[in-house]
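Shown here: entry_29.csv, CSV, C-alpha atoms.
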```
chain,number,residue,atom,x,y,z
L,1,MET,CA,-25.1,31.5,-65.1
L,2,GLN,CA,-26.2,28.8,-62.5
L,3,ALA,CA,-29.3,30.9,-61.7
L,4,LYS,CA,-30.7,30.2,-65.2
L,5,HIS,CA,-31.1,26.6,-64.3
L,6,ASP,CA,-31.8,26.9,-60.5
L,7,ASP,CA,-35.1,28.6,-59.5
L,8,VAL,CA,-34.1,28.8,-55.8
L,9,LEU,CA,-30.8,30.5,-56.6
L,10,GLN,CA,-32.6,32.9,-59.1
L,11,GLN,CA,-35.0,33.9,-56.4
L,12,HIS,CA,-32.2,34.5,-53.9
L,13,LEU,CA,-30.2,36.7,-56.3
L,14,ALA,CA,-33.3,38.7,-57.2
L,15,ARG,CA,-34.4,39.2,-53.5
L,16,VAL,CA,-31.1,40.2,-51.8
L,17,LYS,CA,-28.9,43.3,-52.3
L,18,LYS,CA,-25.7,43.1,-54.3
L,19,ASN,CA,-23.4,43.0,-51.3
L,20,ALA,CA,-25.4,40.0,-49.8
L,21,GLN,CA,-25.4,37.7,-52.8
L,22,TYR,CA,-22.2,35.9,-51.9
L,23,THR,CA,-21.1,35.7,-55.5
L,24,SER,CA,-17.8,37.4,-55.2
L,25,LYS,CA,-14.6,35.6,-56.3
L,26,VAL,CA,-13.4,35.6,-52.6
L,27,VAL,CA,-16.6,33.8,-51.4
L,28,GLN,CA,-16.6,31.4,-54.4
L,29,ASN,CA,-12.9,30.5,-53.7
L,30,GLU,CA,-13.8,29.9,-50.0
L,31,VAL,CA,-16.7,27.6,-51.0
L,32,ILE,CA,-14.4,25.7,-53.4
L,33,GLU,CA,-11.8,25.3,-50.7
L,34,VAL,CA,-14.3,24.0,-48.1
L,35,VAL,CA,-15.9,21.6,-50.5
L,36,GLY,CA,-12.5,20.4,-51.7
L,37,GLU,CA,-11.3,19.8,-48.1
L,38,TYR,CA,-14.5,17.8,-47.4
L,39,ILE,CA,-13.9,15.6,-50.5
L,40,ARG,CA,-10.3,15.1,-49.5
L,41,LYS,CA,-11.3,14.0,-46.0
L,42,GLU,CA,-13.9,11.6,-47.3
L,43,ASN,CA,-11.4,10.2,-49.8
L,44,THR,CA,-8.7,9.7,-47.2
L,45,ARG,CA,-10.9,8.1,-44.6
L,46,ASP,CA,-9.6,4.7,-45.7
L,47,LEU,CA,-6.1,5.8,-44.4
L,48,GLU,CA,-7.3,6.2,-40.8
L,49,ASN,CA,-6.9,2.6,-39.7
L,50,ASP,CA,-3.6,1.1,-38.7
L,51,ASN,CA,-3.5,-1.4,-41.6
L,52,ALA,CA,-4.0,1.3,-44.3
L,53,PHE,CA,-1.1,1.2,-46.7
L,54,TYR,CA,-0.6,3.3,-49.8
L,55,SER,CA,1.8,4.3,-52.5
L,56,ILE,CA,2.9,7.9,-53.3
L,57,MET,CA,2.7,9.1,-56.9
L,58,ALA,CA,4.0,12.6,-57.7
L,59,ASP,CA,5.0,14.5,-60.8
L,60,GLU,CA,6.1,18.0,-61.5
L,61,VAL,CA,5.3,20.3,-64.4
L,62,THR,CA,6.0,23.9,-65.3
L,63,ASP,CA,2.9,26.1,-65.1
L,64,PRO,CA,2.8,27.9,-68.5
L,65,TYR,CA,1.1,31.0,-67.0
L,66,SER,CA,3.4,31.7,-64.0
L,67,ASN,CA,6.5,29.7,-65.3
L,68,GLN,CA,6.7,28.1,-61.8
L,69,GLU,CA,7.1,24.4,-61.1
L,70,ILE,CA,4.0,22.6,-59.7
L,71,LEU,CA,4.0,19.2,-58.1
L,72,SER,CA,0.9,17.1,-58.1
L,73,VAL,CA,0.7,14.6,-55.2
L,74,CYS,CA,-1.5,11.5,-55.5
L,75,LEU,CA,-1.9,8.3,-53.5
L,76,ARG,CA,-2.8,4.8,-54.6
L,77,LEU,CA,-4.4,2.6,-52.0
L,78,LEU,CA,-6.5,-0.6,-51.6
L,79,THR,CA,-9.9,0.0,-49.9
L,80,ASP,CA,-11.8,-2.6,-48.1
L,81,ARG,CA,-15.3,-1.1,-48.7
L,82,PRO,CA,-15.6,-2.6,-51.3
L,83,ALA,CA,-12.1,-4.0,-52.1
L,84,ARG,CA,-10.7,-2.1,-55.0
L,85,VAL,CA,-7.7,0.0,-55.9
L,86,ARG,CA,-8.2,3.8,-55.7
L,87,LYS,CA,-6.1,6.7,-56.9
L,88,LEU,CA,-6.6,9.8,-54.9
L,89,PHE,CA,-5.5,13.3,-55.8
L,90,ILE,CA,-4.2,15.0,-52.7
L,91,ASP,CA,-2.9,18.4,-53.6
L,92,PHE,CA,-0.9,20.7,-56.0
L,93,VAL,CA,2.2,22.1,-54.4
L,94,TYR,CA,4.3,25.0,-55.8
L,95,LEU,CA,8.0,24.2,-55.7
L,96,GLU,CA,10.8,26.7,-55.1
L,97,ARG,CA,13.4,24.3,-56.5
L,98,THR,CA,13.3,20.9,-58.3
L,99,THR,CA,16.0,19.1,-56.3
L,100,GLY,CA,15.3,15.8,-54.6
L,101,GLU,CA,15.5,17.4,-51.2
L,102,SER,CA,13.0,20.1,-52.1
L,103,ILE,CA,10.5,17.8,-53.8
L,104,ALA,CA,10.7,15.2,-50.9
L,105,HIS,CA,10.1,18.0,-48.4
L,106,ALA,CA,7.1,19.2,-50.4
L,107,ILE,CA,5.6,15.7,-50.5
L,108,THR,CA,6.1,15.0,-46.7
L,109,LYS,CA,4.8,18.5,-45.8
L,110,CYS,CA,1.7,17.9,-48.0
L,111,LEU,CA,1.0,14.5,-46.4
L,112,ARG,CA,1.6,15.9,-42.9
L,113,LYS,CA,-0.8,18.8,-43.6
L,114,LYS,CA,-3.5,16.2,-44.6
L,115,HIS,CA,-2.8,14.1,-41.5
L,116,ILE,CA,-1.5,11.2,-43.6
L,117,ASP,CA,1.2,9.1,-41.9
L,118,ILE,CA,4.2,8.8,-44.1
L,119,SER,CA,5.4,5.6,-42.3
L,120,GLN,CA,2.4,3.8,-43.9
L,121,ALA,CA,3.7,4.3,-47.4
L,122,ARG,CA,4.6,1.0,-49.1
L,123,GLY,CA,5.4,2.3,-52.6
L,124,GLN,CA,6.6,5.3,-54.6
L,125,SER,CA,6.2,6.0,-58.3
L,126,TYR,CA,7.8,8.9,-60.1
L,127,ASN,CA,9.5,9.6,-63.4
L,128,GLY,CA,13.0,8.6,-64.1
L,129,ALA,CA,14.7,12.0,-63.6
L,130,ALA,CA,17.7,11.9,-61.3
L,131,CYS,CA,16.1,14.2,-58.8
L,132,MET,CA,13.3,11.7,-58.4
L,133,SER,CA,14.9,8.3,-58.9
L,134,SER,CA,18.4,8.6,-57.5
L,135,ALA,CA,19.0,6.0,-54.8
L,136,LYS,CA,21.2,8.3,-52.8
L,137,MET,CA,20.0,11.9,-53.2
L,138,GLY,CA,16.6,11.6,-55.0
L,139,VAL,CA,13.1,11.8,-53.7
L,140,GLN,CA,12.8,8.0,-53.5
L,141,ALA,CA,15.9,7.8,-51.2
L,142,ARG,CA,14.6,10.6,-48.9
L,143,ILE,CA,11.1,9.1,-48.6
L,144,ARG,CA,12.7,5.7,-47.8
L,145,GLN,CA,14.5,7.3,-44.9
L,146,LEU,CA,11.1,8.1,-43.4
L,147,SER,CA,9.4,4.9,-44.6
L,148,PRO,CA,11.9,2.1,-45.4
L,149,ARG,CA,9.2,-0.2,-46.9
L,150,ALA,CA,8.2,2.4,-49.6
L,151,LEU,CA,9.7,0.7,-52.7
L,152,TYR,CA,10.4,2.9,-55.7
L,153,VAL,CA,9.0,1.9,-59.1
L,154,HIS,CA,9.6,3.9,-62.3
L,155,CYS,CA,6.1,5.2,-63.4
L,156,ASN,CA,4.8,2.9,-66.1
L,157,SER,CA,3.1,5.8,-67.9
L,158,HIS,CA,6.4,7.6,-68.2
L,159,VAL,CA,8.1,4.4,-69.4
L,160,LEU,CA,5.5,4.0,-72.1
L,161,ASN,CA,5.7,7.6,-73.1
L,162,LEU,CA,9.5,7.3,-73.4
L,163,SER,CA,9.1,4.1,-75.5
L,164,ILE,CA,6.6,5.7,-77.9
L,165,ALA,CA,8.8,8.9,-78.3
L,166,SER,CA,11.8,6.7,-79.1
L,167,ALA,CA,9.9,4.5,-81.5
L,168,CYS,CA,8.3,7.5,-83.3
L,169,LYS,CA,11.8,8.6,-84.5
L,170,GLN,CA,11.6,5.7,-86.9
L,171,PRO,CA,9.8,6.9,-90.1
L,172,THR,CA,7.9,3.6,-90.7
L,173,ILE,CA,6.4,3.7,-87.2
L,174,ARG,CA,5.6,7.4,-87.5
L,175,ASN,CA,3.8,6.8,-90.8
L,176,LYS,CA,1.9,3.9,-89.3
L,177,ILE,CA,0.7,6.0,-86.3
L,178,ASP,CA,-0.5,8.7,-88.8
L,179,THR,CA,-2.5,6.1,-90.7
L,180,LEU,CA,-4.0,4.7,-87.5
L,181,ASN,CA,-5.0,8.2,-86.4
L,182,ALA,CA,-6.7,8.8,-89.8
L,183,VAL,CA,-8.6,5.5,-89.6
L,184,PHE,CA,-9.7,6.3,-86.0
L,185,LEU,CA,-10.9,9.8,-86.9
L,186,PHE,CA,-12.8,8.3,-89.9
L,187,PHE,CA,-14.7,5.8,-87.8
L,188,VAL,CA,-15.3,8.3,-84.9
L,189,SER,CA,-16.8,10.8,-87.3
L,190,GLU,CA,-19.0,8.1,-88.9
L,191,THR,CA,-20.3,6.8,-85.6
L,192,THR,CA,-20.8,10.0,-83.6
L,193,GLU,CA,-23.4,11.7,-85.9
L,194,VAL,CA,-26.3,13.0,-83.9
L,195,PRO,CA,-29.5,11.0,-84.8
L,196,GLN,CA,-32.3,13.0,-86.3
L,197,GLU,CA,-35.5,13.0,-84.2
L,198,ASN,CA,-38.7,11.9,-85.8
L,199,SER,CA,-41.1,14.8,-86.4
```
Render the structure in this file as structure tokens.
Amino acid sequence: MQAKHDDVLQQHLARVKKNAQYTSKVVQNEVIEVVGEYIRKENTRDLENDNAFYSIMADEVTDPYSNQEILSVCLRLLTDRPARVRKLFIDFVYLERTTGESIAHAITKCLRKKHIDISQARGQSYNGAACMSSAKMGVQARIRQLSPRALYVHCNSHVLNLSIASACKQPTIRNKIDTLNAVFLFFVSETTEVPQENS
């Protein structure tokens, strides 16, 4: 598919034998892994100095294909070149269990694998489930044992989602949202027509 748009690649595939094309799924996965690791290293370079502080953001979801729990681990940090807040995806981690202990272990193992110092964490943001938010046995309590300054904040996106879900139980609000969606779709369809080119 890429060779249709890339002359160099097209010539390479035409010239070499099938076993030397390097197009197998194994090779492609290795290339993706190498490129991904390079991008992660570049993204986490801001964490290498001693004054680099960050917040941990993590959320778990059930993979619909394997029916297994997956944890996404992200960091939020302030960069100094230029000064701005960045959110970095770090990794997906498969979870054997969804207990506070298991999830905290997965987060710390993931950070250690990426050479990110857990003691530099200054914040944590998760959903409000007991396994995440409990001040005694939850993920936030276990992370605070390793980094006492990592304050826990209930994820604002989860709070908003809970508020909307609760509000939508009211028929008047549910009807108003349906009307707003219809108006939005009307204007989007009106403004996204492809302009005709002049002949």
Next on the checklist: Given all atoms listed in the file as the basis, pick out the residue of L:Thr99, L:Gln2, L:Asn51, L:Thr108 nearest to Ala130 (chain L).
Outcome noted: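 Going through L:Thr99, L:Gln2, L:Asn51, L:Thr108 one by one, the smallest distance to Ala130 (chain L) is for L:Thr99.
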Item to check | CA of Gly100 (chain L) to CA of Ser133 (chain L), distance in Å rounded to a single decimal | outcome: 8.7 Å
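When all atoms listed in the file are used to compute distances to Ser55 (chain L), the closest of the residues L:Val31, L:Ile70, L:Ala129, L:Ala121 turns out to be L:Ala121.
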Item to check | Nearest candidate to Ser66 (chain L) (options L:Tyr22, L:Tyr94, L:Tyr152, L:Phe184; using all atoms listed in the file) | outcome: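 Counting all atoms listed in the file, the residue closest to Ser66 (chain L) is L:Tyr94.
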Checklist entry - CA of His115 (chain L) and CA of Arg144 (chain L) are how many Å apart? => result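 One can read the CA of His115 (chain L) to CA of Arg144 (chain L) distance as 18.7 Å.
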Checklist entry - Which is closest to Lys136 (chain L) among L:Phe89, L:Cys110, L:Tyr54, L:Glu101, if we use all atoms listed in the file? => result L:Glu101
